[in-house]
>>> print(open('upload09.cif').read())   # mmCIF, C-alpha atoms
data_protein
loop_
_atom_site.label_atom_id
_atom_site.label_comp_id
_atom_site.auth_asym_id
_atom_site.auth_seq_id
_atom_site.Cartn_x
_atom_site.Cartn_y
_atom_site.Cartn_z
CA MET A 15 42.18 -28.45 -34.17
CA ARG A 16 43.38 -29.17 -30.61
CA ARG A 17 42.85 -25.51 -29.68
CA LEU A 18 39.35 -25.64 -31.10
CA LEU A 19 38.56 -28.81 -29.17
CA ALA A 20 40.00 -27.35 -25.97
CA THR A 21 37.99 -24.17 -26.38
CA ALA A 22 34.84 -26.17 -27.04
CA ALA A 23 35.45 -28.23 -23.92
CA ILE A 24 35.90 -25.12 -21.79
CA LEU A 25 32.69 -23.60 -23.17
CA ALA A 26 30.84 -26.84 -22.53
CA MET A 27 32.08 -26.98 -18.95
CA THR A 28 31.09 -23.33 -18.40
CA ALA A 29 27.64 -23.90 -19.85
CA ALA A 30 27.19 -26.99 -17.73
CA SER A 31 28.10 -25.16 -14.54
CA ALA A 32 25.90 -22.08 -15.18
CA PRO A 33 22.52 -23.69 -14.42
CA ALA A 34 23.82 -25.06 -11.13
CA MET A 35 24.85 -21.55 -10.09
CA ALA A 36 21.46 -20.15 -11.15
CA ASP A 37 19.66 -22.91 -9.23
CA HIS A 38 21.73 -22.14 -6.14
CA HIS A 39 20.76 -18.47 -6.21
CA GLY A 40 17.18 -19.40 -6.92
CA GLU A 41 17.13 -21.59 -3.82
CA MET A 42 18.54 -18.72 -1.75
CA ALA A 43 15.90 -16.32 -3.07
CA MET A 44 13.16 -18.89 -2.50
CA GLY A 45 14.42 -19.50 1.02
CA GLY A 46 14.22 -15.79 1.79
CA MET A 47 10.74 -15.63 0.32
CA HIS A 48 9.60 -18.57 2.39
CA ALA A 49 11.01 -16.97 5.53
CA SER A 50 9.15 -13.73 4.81
CA HIS A 51 5.95 -15.62 4.10
CA HIS A 52 6.27 -17.53 7.34
CA ALA A 53 6.88 -14.34 9.30
CA LEU A 54 3.87 -12.61 7.78
CA ARG A 55 1.57 -15.58 8.31
CA SER A 56 2.69 -15.74 11.94
CA VAL A 57 1.81 -12.08 12.47
CA LEU A 58 -1.59 -12.51 10.83
CA ALA A 59 -2.35 -15.58 12.94
CA SER A 60 -1.41 -13.89 16.20
CA ASP A 61 -4.09 -13.69 18.89
CA ALA A 62 -2.83 -10.16 19.60
CA ARG A 63 -4.68 -8.91 16.50
CA GLY A 64 -8.01 -9.41 18.24
CA GLU A 65 -10.94 -8.32 16.07
CA ASP A 66 -8.68 -7.09 13.25
CA GLY A 67 -8.63 -10.55 11.71
CA ALA A 68 -12.33 -10.32 10.83
CA ARG A 69 -11.41 -7.93 7.98
CA ASP A 70 -8.77 -10.24 6.43
CA ALA A 71 -11.33 -11.89 4.17
CA TYR A 72 -11.90 -8.53 2.47
CA ARG A 73 -8.48 -6.88 2.73
CA HIS A 74 -6.24 -9.89 1.99
CA PRO A 75 -3.24 -8.56 3.90
CA PHE A 76 -0.95 -11.50 3.12
CA GLU A 77 -1.51 -11.37 -0.62
CA THR A 78 -1.46 -7.56 -0.69
CA LEU A 79 1.81 -7.09 1.18
CA ASP A 80 3.37 -9.93 -0.78
CA PHE A 81 2.32 -8.30 -4.06
CA PHE A 82 3.81 -5.00 -2.90
CA GLY A 83 7.07 -6.78 -2.05
CA VAL A 84 7.11 -5.73 1.60
CA GLU A 85 9.71 -7.68 3.57
CA PRO A 86 11.08 -7.67 7.12
CA GLY A 87 13.82 -5.10 7.68
CA MET A 88 12.40 -2.58 5.20
CA THR A 89 11.59 1.06 5.84
CA VAL A 90 7.89 1.42 5.10
CA VAL A 91 5.64 4.48 5.06
CA ASP A 92 1.99 3.80 5.87
CA TYR A 93 0.14 6.83 4.54
CA MET A 94 -2.72 8.04 6.76
CA PRO A 95 -2.80 4.93 8.98
CA ALA A 96 -6.14 6.01 10.48
CA GLY A 97 -7.23 3.40 13.03
CA GLY A 98 -3.99 1.47 12.63
CA TRP A 99 -5.30 -1.72 11.05
CA TYR A 100 -2.22 -2.11 8.86
CA THR A 101 0.04 -0.60 11.53
CA ARG A 102 -0.70 -3.59 13.72
CA ILE A 103 0.44 -5.91 10.92
CA LEU A 104 3.41 -3.97 9.61
CA VAL A 105 5.19 -3.15 12.86
CA PRO A 106 5.64 -6.76 14.02
CA TYR A 107 6.21 -7.99 10.45
CA LEU A 108 8.96 -5.48 9.63
CA GLY A 109 10.71 -6.47 12.85
CA ALA A 110 13.34 -4.72 14.92
CA GLU A 111 15.57 -4.16 11.87
CA GLY A 112 12.75 -2.44 10.01
CA ARG A 113 11.27 1.02 10.30
CA TYR A 114 7.59 1.99 10.34
CA ILE A 115 6.56 5.56 9.48
CA GLY A 116 3.00 6.80 9.76
CA LEU A 117 2.71 9.77 7.38
CA MET A 118 -0.08 12.36 7.45
CA PRO A 119 -1.03 15.08 4.94
CA ASP A 120 0.15 18.67 5.23
CA PRO A 121 -2.85 20.69 6.49
CA ALA A 122 -1.59 23.79 4.70
CA ALA A 123 -1.98 22.03 1.35
CA ALA A 124 -5.71 21.40 1.80
CA ASP A 125 -8.06 23.63 -0.16
CA ALA A 126 -10.80 23.60 2.48
CA SER A 127 -10.66 24.47 6.17
CA GLY A 128 -12.48 21.29 7.15
CA PHE A 129 -9.76 19.10 5.65
CA ALA A 130 -7.03 21.32 7.10
CA ASP A 131 -8.45 20.86 10.60
CA TYR A 132 -8.88 17.12 10.09
CA PHE A 133 -5.38 16.60 8.72
CA GLY A 134 -3.86 18.81 11.41
CA ALA A 135 -5.26 16.57 14.14
CA LEU A 136 -4.03 13.28 12.67
CA PRO A 137 -0.41 13.23 13.97
CA GLY A 138 -1.57 13.83 17.52
CA ARG A 139 -4.25 11.17 17.29
CA PHE A 140 -1.79 8.64 15.94
CA ALA A 141 0.81 9.44 18.62
CA GLU A 142 -1.83 9.05 21.28
CA ALA A 143 -3.24 5.79 19.91
CA TYR A 144 -0.30 3.58 18.99
CA PRO A 145 1.22 3.13 22.48
CA GLY A 146 -2.05 1.47 23.46
CA TRP A 147 -1.57 -1.18 20.79
CA SER A 148 1.48 -2.56 22.66
CA LEU A 149 3.29 -3.44 19.45
CA THR A 150 6.70 -5.10 19.32
CA GLY A 151 8.88 -4.94 16.23
CA ALA A 152 9.85 -1.98 14.07
CA PRO A 153 10.31 1.42 15.71
CA ILE A 154 7.27 3.63 15.09
CA GLU A 155 7.54 7.18 13.84
CA GLY A 156 4.81 9.60 12.84
CA TYR A 157 5.07 12.78 10.78
CA ALA A 158 2.97 15.28 8.94
CA SER A 159 4.50 15.44 5.48
CA GLN A 160 5.79 19.00 5.93
CA ASP A 161 7.79 17.86 8.98
CA VAL A 162 9.59 14.90 7.40
CA PRO A 163 13.35 15.33 8.06
CA GLU A 164 15.45 16.12 4.99
CA ALA A 165 17.67 13.16 5.86
CA MET A 166 14.77 10.82 5.07
CA ALA A 167 14.89 11.67 1.35
CA GLY A 168 15.68 8.59 -0.73
CA THR A 169 15.61 6.19 2.24
CA VAL A 170 12.18 4.55 2.02
CA ASP A 171 11.63 1.11 0.46
CA ARG A 172 7.84 1.18 0.24
CA VAL A 173 5.07 3.73 0.59
CA LEU A 174 1.62 2.21 1.02
CA ILE A 175 -1.63 4.13 0.55
CA PHE A 176 -4.65 2.13 1.66
CA ARG A 177 -8.03 3.57 0.64
CA GLU A 178 -6.99 7.22 0.88
CA MET A 179 -6.54 8.38 -2.73
CA HIS A 180 -10.06 9.81 -2.79
CA ASN A 181 -9.19 11.99 0.19
CA LEU A 182 -6.07 13.31 -1.54
CA LEU A 183 -8.15 14.13 -4.60
CA ARG A 184 -11.08 15.83 -2.89
CA SER A 185 -8.91 17.77 -0.44
CA GLY A 186 -6.65 19.21 -3.13
CA THR A 187 -3.51 17.75 -1.54
CA MET A 188 -2.59 15.15 -4.17
CA TYR A 189 0.22 17.10 -5.87
CA ASN A 190 1.77 18.09 -2.58
CA GLU A 191 1.63 14.63 -1.03
CA LEU A 192 2.65 12.50 -4.02
CA THR A 193 5.57 14.82 -4.69
CA ARG A 194 6.81 14.43 -1.13
CA ILE A 195 6.21 10.70 -1.18
CA ARG A 196 8.27 10.40 -4.35
CA SER A 197 11.16 12.28 -2.75
CA MET A 198 11.16 9.89 0.22
CA LEU A 199 11.43 6.73 -1.89
CA LYS A 200 14.70 5.09 -2.84
CA ASP A 201 15.43 4.93 -6.57
CA ASP A 202 14.22 1.33 -6.56
CA GLY A 203 11.44 2.01 -4.05
CA ARG A 204 7.81 1.28 -4.78
CA LEU A 205 4.45 2.94 -4.15
CA GLY A 206 1.60 0.53 -3.44
CA ILE A 207 -2.02 1.69 -3.64
CA VAL A 208 -5.28 0.01 -2.69
CA GLN A 209 -8.32 2.13 -3.54
CA HIS A 210 -12.10 1.80 -3.77
CA ARG A 211 -12.83 1.22 -7.46
CA ALA A 212 -15.63 2.85 -9.41
CA LYS A 213 -16.96 1.29 -12.58
CA ALA A 214 -14.97 2.24 -15.66
CA ASP A 215 -17.95 4.15 -17.06
CA ALA A 216 -18.94 5.84 -13.78
CA PRO A 217 -19.86 9.52 -14.28
CA ALA A 218 -17.37 12.19 -13.28
CA ASP A 219 -19.71 13.59 -10.64
CA TYR A 220 -19.48 10.25 -8.82
CA THR A 221 -15.71 9.88 -9.06
CA LEU A 222 -14.36 13.17 -7.73
CA GLY A 223 -13.61 11.66 -4.33
CA THR A 224 -16.71 12.58 -2.36
CA LYS A 225 -18.19 9.08 -2.75
CA GLY A 226 -14.91 7.30 -1.98
CA TYR A 227 -14.78 5.58 -5.37
CA LEU A 228 -12.31 6.44 -8.14
CA ARG A 229 -11.91 4.99 -11.63
CA GLN A 230 -8.83 2.82 -11.95
CA ASP A 231 -7.65 4.49 -15.16
CA ASP A 232 -7.96 7.88 -13.48
CA VAL A 233 -5.85 6.81 -10.50
CA ILE A 234 -3.15 5.39 -12.77
CA ALA A 235 -3.07 8.57 -14.85
CA LEU A 236 -2.94 10.84 -11.80
CA VAL A 237 -0.13 8.91 -10.12
CA GLU A 238 1.90 8.62 -13.31
CA ALA A 239 1.53 12.37 -13.84
CA HIS A 240 3.31 12.85 -10.51
CA GLY A 241 6.51 11.06 -11.50
CA PHE A 242 5.63 7.39 -11.21
CA GLU A 243 5.25 4.46 -13.59
CA LEU A 244 2.76 1.61 -13.19
CA VAL A 245 4.67 -1.67 -12.87
CA GLY A 246 1.96 -4.02 -11.64
CA MET A 247 -1.72 -4.44 -10.92
CA SER A 248 -3.67 -7.17 -9.19
CA GLU A 249 -7.25 -8.26 -8.57
CA ILE A 250 -6.37 -9.44 -5.05
CA ASN A 251 -8.84 -7.01 -3.50
CA ALA A 252 -11.55 -7.16 -6.16
CA ASN A 253 -15.16 -7.66 -5.11
CA PRO A 254 -17.42 -8.14 -8.17
CA ALA A 255 -20.49 -8.10 -5.89
CA ASP A 256 -20.00 -4.38 -5.21
CA PRO A 257 -22.05 -2.29 -7.69
CA ALA A 258 -19.94 0.74 -6.66
CA ASN A 259 -22.87 3.11 -7.10
CA TRP A 260 -24.17 3.60 -3.57
CA GLU A 261 -25.95 6.91 -3.10
CA ASP A 262 -24.09 7.53 0.16
CA GLY A 263 -20.82 6.32 -1.29
CA VAL A 264 -18.49 3.59 -0.17
CA TRP A 265 -19.30 4.22 3.48
CA THR A 266 -22.63 2.44 2.91
CA LEU A 267 -20.63 -0.80 2.93
CA PRO A 268 -18.90 -2.42 5.90
CA PRO A 269 -17.13 -1.43 8.03
CA GLY A 270 -18.82 1.99 7.74
CA ASN A 271 -22.35 0.58 7.44
CA ARG A 272 -23.85 4.02 6.85
CA GLY A 273 -27.65 3.72 6.71
CA ASP A 274 -27.66 0.17 8.09
CA ASN A 275 -28.29 -1.20 4.59
CA ALA A 276 -28.91 -4.96 4.57
CA GLU A 277 -28.06 -5.24 0.86
CA ALA A 278 -24.74 -3.48 1.44
CA ALA A 279 -23.91 -5.65 4.43
CA ALA A 280 -24.29 -8.74 2.25
CA VAL A 281 -21.82 -7.32 -0.30
CA GLY A 282 -19.01 -7.01 2.23
CA GLU A 283 -16.27 -4.41 1.73
CA SER A 284 -15.79 -2.46 -1.50
CA ASP A 285 -14.39 -3.54 -4.84
CA ARG A 286 -10.77 -2.33 -4.85
CA MET A 287 -7.94 -1.80 -7.29
CA THR A 288 -4.44 -2.85 -6.20
CA LEU A 289 -1.65 -1.00 -8.01
CA LEU A 290 2.13 -0.93 -7.79
CA PHE A 291 4.24 1.99 -9.04
CA ALA A 292 7.95 2.70 -9.44
CA LYS A 293 9.66 6.09 -9.56
CA ARG A 294 10.51 7.30 -13.04
#
>>> encode(input="upload09.cif", output="structure tokens")
Amino acid sequence: MRRLLATAAILAMTAASAPAMADHHGEMAMGGMHASHHALRSVLASDARGEDGARDAYRHPFETLDFFGVEPGMTVVDYMPAGGWYTRILVPYLGAEGRYIGLMPDPAAADASGFADYFGALPGRFAEAYPGWSLTGAPIEGYASQDVPEAMAGTVDRVLIFREMHNLLRSGTMYNELTRIRSMLKDDGRLGIVQHRAKADAPADYTLGTKGYLRQDDVIALVEAHGFELVGMSEINANPADPANWEDGVWTLPPGNRGDNAEAAAVGESDRMTLLFAKR
């Protein structure tokens, strides 16, 4: 009986101490989260962003990067950074302990000469542009995917593809690029995608990439077919006001403003899916 009572007492003491330990770790995790949130909000509020901040209402960079789990000190690939809108957020946010990599498509993988020429020029354009942004924080690197060093395999925490999946589809480079992206990610790395979203019943002729819009189910299926698994989705970047059926495609909307369409200007930027994938 004494042994039973002693054992019960020990179990009771252990049970009583467990929540305190869990709370302690929870506070540590919450503290780290709060620090990351503060750092990101500081970057977004910086006067150095200039006119970039005007797009925050449509692109929701705080909520998006938080959903993707991007934190200071990470190694992050920004796929086809284009004009550098997210570059100018990520570099200072990742900080000196982080690593920013601008990744461009392999021109040789494109199935049309126009895309091959366009992709081939991107690394040079990026290398020429980013010194003028006078960014402080993570070191900046830029590569075409065929030139990524072998040592980078399995070293990347996050790959982010902002509004470029339609270009991978219509250029014929999707298999090549997603395969290389997957090889760069750590085993617990994540792929985050924001993409212009077509209506679920949009006809195939409208969702082959040439209009900029893709169906969400199609994107999920395509990415999962390349060795990934969907682990999260969000409506952070949804815009129900976008009919997603513009004759001239997504570029009718801001910031493209093709055709100077007053109706499109009132809609704002496109309706967008926000998806998070893990390697499988």
>>> closest_residue(input="upload09.cif", among="A:Glu77, A:Asp131, A:Glu142, A:Glu111", to="Gly98 (chain A)", atoms="all atoms listed in the file")
A:Glu142
>>> resolve_selection(input="upload09.cif", expression="the PyMOL selection byres ((chain A and resi 215) around 12)", output="number ranges by chain")
A: 211-214, 216-221, 228-232, 258-259
>>> write_last_selection(input="upload09.cif", atoms="C-alpha atoms", output="short mmCIF file (atom, residue, chain, number, x, y, z; two decimals), in the coordinates of the input")
data_model
loop_
_atom_site.label_atom_id
_atom_site.label_comp_id
_atom_site.auth_asym_id
_atom_site.auth_seq_id
_atom_site.Cartn_x
_atom_site.Cartn_y
_atom_site.Cartn_z
CA ARG A 211 -12.83 1.22 -7.46
CA ALA A 212 -15.63 2.85 -9.41
CA LYS A 213 -16.96 1.29 -12.58
CA ALA A 214 -14.97 2.24 -15.66
CA ALA A 216 -18.94 5.84 -13.78
CA PRO A 217 -19.86 9.52 -14.28
CA ALA A 218 -17.37 12.19 -13.28
CA ASP A 219 -19.71 13.59 -10.64
CA TYR A 220 -19.48 10.25 -8.82
CA THR A 221 -15.71 9.88 -9.06
CA LEU A 228 -12.31 6.44 -8.14
CA ARG A 229 -11.91 4.99 -11.63
CA GLN A 230 -8.83 2.82 -11.95
CA ASP A 231 -7.65 4.49 -15.16
CA ASP A 232 -7.96 7.88 -13.48
CA ALA A 258 -19.94 0.74 -6.66
CA ASN A 259 -22.87 3.11 -7.10
#
>>> resolve_selection(input="upload09.cif", expression="the PyMOL selection byres ((chain A and resi 84) around 10)", output="PDB file with C-alpha atoms, keeping the file's coordinate frame")
ATOM      1  CA  SER A  50       9.150 -13.730   4.810  1.00  0.00           C
ATOM      2  CA  LEU A  54       3.870 -12.610   7.780  1.00  0.00           C
ATOM      3  CA  THR A  78      -1.460  -7.560  -0.690  1.00  0.00           C
ATOM      4  CA  LEU A  79       1.810  -7.090   1.180  1.00  0.00           C
ATOM      5  CA  ASP A  80       3.370  -9.930  -0.780  1.00  0.00           C
ATOM      6  CA  PHE A  81       2.320  -8.300  -4.060  1.00  0.00           C
ATOM      7  CA  PHE A  82       3.810  -5.000  -2.900  1.00  0.00           C
ATOM      8  CA  GLY A  83       7.070  -6.780  -2.050  1.00  0.00           C
ATOM      9  CA  GLU A  85       9.710  -7.680   3.570  1.00  0.00           C
ATOM     10  CA  PRO A  86      11.080  -7.670   7.120  1.00  0.00           C
ATOM     11  CA  GLY A  87      13.820  -5.100   7.680  1.00  0.00           C
ATOM     12  CA  MET A  88      12.400  -2.580   5.200  1.00  0.00           C
ATOM     13  CA  THR A  89      11.590   1.060   5.840  1.00  0.00           C
ATOM     14  CA  VAL A  90       7.890   1.420   5.100  1.00  0.00           C
ATOM     15  CA  LEU A 104       3.410  -3.970   9.610  1.00  0.00           C
ATOM     16  CA  TYR A 107       6.210  -7.990  10.450  1.00  0.00           C
ATOM     17  CA  LEU A 108       8.960  -5.480   9.630  1.00  0.00           C
ATOM     18  CA  ASP A 171      11.630   1.110   0.460  1.00  0.00           C
ATOM     19  CA  ARG A 172       7.840   1.180   0.240  1.00  0.00           C
ATOM     20  CA  VAL A 173       5.070   3.730   0.590  1.00  0.00           C
ATOM     21  CA  LEU A 174       1.620   2.210   1.020  1.00  0.00           C
ATOM     22  CA  ARG A 204       7.810   1.280  -4.780  1.00  0.00           C
ATOM     23  CA  GLY A 206       1.600   0.530  -3.440  1.00  0.00           C
TER      24      GLY A 206
END
>>> closest_residue(input="upload09.cif", among="A:Leu289, A:Leu244, A:Ile103, A:Ala49", to="Trp147 (chain A)", atoms="all atoms listed in the file")
A:Ile103
>>> residues_near_point(input="upload09.cif", point="(-12.1, 19.5, 5.2)", cutoff="12 Å", atoms="all atoms listed in the file", output="number ranges by chain")
A: 119, 121-135, 181-187, 224
>>> write_last_selection(input="upload09.cif", atoms="C-alpha atoms", output="compact mmCIF listing (two decimals), in the coordinates of the input")
# COMPACT_ATOMS: atom_id res chain seq x y z
CA PRO A 119 -1.03 15.08 4.94
CA PRO A 121 -2.85 20.69 6.49
CA ALA A 122 -1.59 23.79 4.70
CA ALA A 123 -1.98 22.03 1.35
CA ALA A 124 -5.71 21.40 1.80
CA ASP A 125 -8.06 23.63 -0.16
CA ALA A 126 -10.80 23.60 2.48
CA SER A 127 -10.66 24.47 6.17
CA GLY A 128 -12.48 21.29 7.15
CA PHE A 129 -9.76 19.10 5.65
CA ALA A 130 -7.03 21.32 7.10
CA ASP A 131 -8.45 20.86 10.60
CA TYR A 132 -8.88 17.12 10.09
CA PHE A 133 -5.38 16.60 8.72
CA GLY A 134 -3.86 18.81 11.41
CA ALA A 135 -5.26 16.57 14.14
CA ASN A 181 -9.19 11.99 0.19
CA LEU A 182 -6.07 13.31 -1.54
CA LEU A 183 -8.15 14.13 -4.60
CA ARG A 184 -11.08 15.83 -2.89
CA SER A 185 -8.91 17.77 -0.44
CA GLY A 186 -6.65 19.21 -3.13
CA THR A 187 -3.51 17.75 -1.54
CA THR A 224 -16.71 12.58 -2.36
>>> closest_residue(input="upload09.cif", among="A:Gln160, A:Pro106, A:Val91, A:Ala68", to="Ser56 (chain A)", atoms="all atoms listed in the file")
A:Pro106
>>> closest_residue(input="upload09.cif", among="A:Tyr114, A:Trp265, A:Tyr189, A:Tyr100", to="His240 (chain A)", atoms="all atoms listed in the file")
A:Tyr189
>>> resolve_selection(input="upload09.cif", expression="the PyMOL selection byres ((chain A and resi 288) around 6)", output="list in words")
Ile207, Val208, Met247, Ser248, Met287 and Leu289 of chain A
>>> closest_residue(input="upload09.cif", among="A:Thr266, A:Ser159, A:Thr150, A:Ser197", to="Met118 (chain A)", atoms="all atoms listed in the file")
A:Ser159
>>> closest_residue(input="upload09.cif", among="A:Ala239, A:Leu149, A:Arg139, A:Leu222", to="Ser60 (chain A)", atoms="all atoms listed in the file")
A:Leu149
>>> atom_distance(input="upload09.cif", atom1="CA of Pro163 (chain A)", atom2="CA of Ala141 (chain A)")
17.4 Å
>>> residues_around(input="upload09.cif", residues="Ile115 (chain A)", least_positions_apart="3", cutoff="9 Å", atoms="all atoms listed in the file", output="NGL selection string")
:A and (89-93 or 153-157)
>>> write_last_selection(input="upload09.cif", atoms="C-alpha atoms", output="short mmCIF file (atom, residue, chain, number, x, y, z; two decimals), in the coordinates of the input")
data_model
loop_
_atom_site.label_atom_id
_atom_site.label_comp_id
_atom_site.auth_asym_id
_atom_site.auth_seq_id
_atom_site.Cartn_x
_atom_site.Cartn_y
_atom_site.Cartn_z
CA THR A 89 11.59 1.06 5.84
CA VAL A 90 7.89 1.42 5.10
CA VAL A 91 5.64 4.48 5.06
CA ASP A 92 1.99 3.80 5.87
CA TYR A 93 0.14 6.83 4.54
CA PRO A 153 10.31 1.42 15.71
CA ILE A 154 7.27 3.63 15.09
CA GLU A 155 7.54 7.18 13.84
CA GLY A 156 4.81 9.60 12.84
CA TYR A 157 5.07 12.78 10.78
#
>>> atom_distance(input="upload09.cif", atom1="CA of Asp256 (chain A)", atom2="CA of Val281 (chain A)")
6.0 Å
>>> atom_distance(input="upload09.cif", atom1="CA of Glu261 (chain A)", atom2="CA of Asp120 (chain A)")
29.8 Å
>>> closest_atom_pairs(input="upload09.cif", of="region 172-262 of chain A", to="region 271-278 of chain A", cutoff="10 Å", atoms="all atoms listed in the file", output="Markdown table")
| residue | atom | partner | partner_atom | distance |
| --- | --- | --- | --- | --- |
| A:Ala255 | CA | A:Ala278 | CA | 9.7 |
| A:Asp256 | CA | A:Ala278 | CA | 8.2 |
| A:Pro257 | CA | A:Ala278 | CA | 9.6 |
| A:Trp260 | CA | A:Ala278 | CA | 8.7 |
| A:Asp262 | CA | A:Arg272 | CA | 7.6 |
>>> residues_near_point(input="upload09.cif", point="(1.5, 10.4, -5.8)", cutoff="8 Å", atoms="only C-alpha atoms", output="ChimeraX atom specification")
/A:188-189,191-193,195-196,236-238,240-242
>>> axis_aligned_box(input="upload09.cif", around="region 105-124 of chain A", padding_each_side="4 Å", output="AutoDock Vina command-line options")
--center_x 4.9 --center_y 7.9 --center_z 8.1 --size_x 29.3 --size_y 39.8 --size_z 21.6
>>> decode(input="upload09.cif", residues="region 73-86 of chain A", atoms="N, CA, C and O atoms", output="PDB file, in the first residue's frame")
ATOM      1  N   ARG A  73      -1.469  43.271 -51.210  1.00  0.00           N
ATOM      2  CA  ARG A  73      -0.544  42.138 -51.158  1.00  0.00           C
ATOM      3  C   ARG A  73      -0.329  41.594 -49.746  1.00  0.00           C
ATOM      4  O   ARG A  73       0.246  40.524 -49.581  1.00  0.00           O
ATOM      5  N   HIS A  74      -0.738  42.344 -48.736  1.00  0.00           N
ATOM      6  CA  HIS A  74      -0.733  41.874 -47.352  1.00  0.00           C
ATOM      7  C   HIS A  74       0.585  41.189 -46.977  1.00  0.00           C
ATOM      8  O   HIS A  74       0.593  40.022 -46.579  1.00  0.00           O
ATOM      9  N   PRO A  75       1.693  41.906 -47.096  1.00  0.00           N
ATOM     10  CA  PRO A  75       2.986  41.256 -46.868  1.00  0.00           C
ATOM     11  C   PRO A  75       3.191  40.726 -45.457  1.00  0.00           C
ATOM     12  O   PRO A  75       3.822  39.679 -45.278  1.00  0.00           O
ATOM     13  N   PHE A  76       2.662  41.415 -44.448  1.00  0.00           N
ATOM     14  CA  PHE A  76       2.832  40.918 -43.079  1.00  0.00           C
ATOM     15  C   PHE A  76       2.120  39.584 -42.910  1.00  0.00           C
ATOM     16  O   PHE A  76       2.710  38.593 -42.470  1.00  0.00           O
ATOM     17  N   GLU A  77       0.848  39.544 -43.267  1.00  0.00           N
ATOM     18  CA  GLU A  77       0.070  38.326 -43.094  1.00  0.00           C
ATOM     19  C   GLU A  77       0.601  37.188 -43.969  1.00  0.00           C
ATOM     20  O   GLU A  77       0.612  36.029 -43.567  1.00  0.00           O
ATOM     21  N   THR A  78       1.052  37.529 -45.170  1.00  0.00           N
ATOM     22  CA  THR A  78       1.530  36.510 -46.105  1.00  0.00           C
ATOM     23  C   THR A  78       2.819  35.867 -45.617  1.00  0.00           C
ATOM     24  O   THR A  78       2.937  34.630 -45.571  1.00  0.00           O
ATOM     25  N   LEU A  79       3.795  36.683 -45.239  1.00  0.00           N
ATOM     26  CA  LEU A  79       5.065  36.125 -44.771  1.00  0.00           C
ATOM     27  C   LEU A  79       4.895  35.406 -43.440  1.00  0.00           C
ATOM     28  O   LEU A  79       5.569  34.404 -43.176  1.00  0.00           O
ATOM     29  N   ASP A  80       3.983  35.892 -42.613  1.00  0.00           N
ATOM     30  CA  ASP A  80       3.702  35.202 -41.358  1.00  0.00           C
ATOM     31  C   ASP A  80       3.067  33.837 -41.629  1.00  0.00           C
ATOM     32  O   ASP A  80       3.432  32.830 -41.001  1.00  0.00           O
ATOM     33  N   PHE A  81       2.138  33.778 -42.565  1.00  0.00           N
ATOM     34  CA  PHE A  81       1.506  32.511 -42.921  1.00  0.00           C
ATOM     35  C   PHE A  81       2.526  31.516 -43.484  1.00  0.00           C
ATOM     36  O   PHE A  81       2.460  30.314 -43.200  1.00  0.00           O
ATOM     37  N   PHE A  82       3.469  32.008 -44.257  1.00  0.00           N
ATOM     38  CA  PHE A  82       4.500  31.150 -44.826  1.00  0.00           C
ATOM     39  C   PHE A  82       5.584  30.776 -43.806  1.00  0.00           C
ATOM     40  O   PHE A  82       6.457  29.958 -44.100  1.00  0.00           O
ATOM     41  N   GLY A  83       5.531  31.370 -42.621  1.00  0.00           N
ATOM     42  CA  GLY A  83       6.495  31.029 -41.575  1.00  0.00           C
ATOM     43  C   GLY A  83       7.891  31.554 -41.827  1.00  0.00           C
ATOM     44  O   GLY A  83       8.867  30.965 -41.358  1.00  0.00           O
ATOM     45  N   VAL A  84       7.995  32.660 -42.530  1.00  0.00           N
ATOM     46  CA  VAL A  84       9.310  33.263 -42.797  1.00  0.00           C
ATOM     47  C   VAL A  84       9.762  34.017 -41.559  1.00  0.00           C
ATOM     48  O   VAL A  84       9.019  34.826 -41.000  1.00  0.00           O
ATOM     49  N   GLU A  85      11.004  33.755 -41.139  1.00  0.00           N
ATOM     50  CA  GLU A  85      11.539  34.380 -39.937  1.00  0.00           C
ATOM     51  C   GLU A  85      12.954  34.905 -40.193  1.00  0.00           C
ATOM     52  O   GLU A  85      13.657  34.409 -41.092  1.00  0.00           O
ATOM     53  N   PRO A  86      13.386  35.889 -39.412  1.00  0.00           N
ATOM     54  CA  PRO A  86      14.762  36.374 -39.534  1.00  0.00           C
ATOM     55  C   PRO A  86      15.766  35.236 -39.366  1.00  0.00           C
ATOM     56  O   PRO A  86      15.549  34.309 -38.585  1.00  0.00           O
TER      57      PRO A  86
END
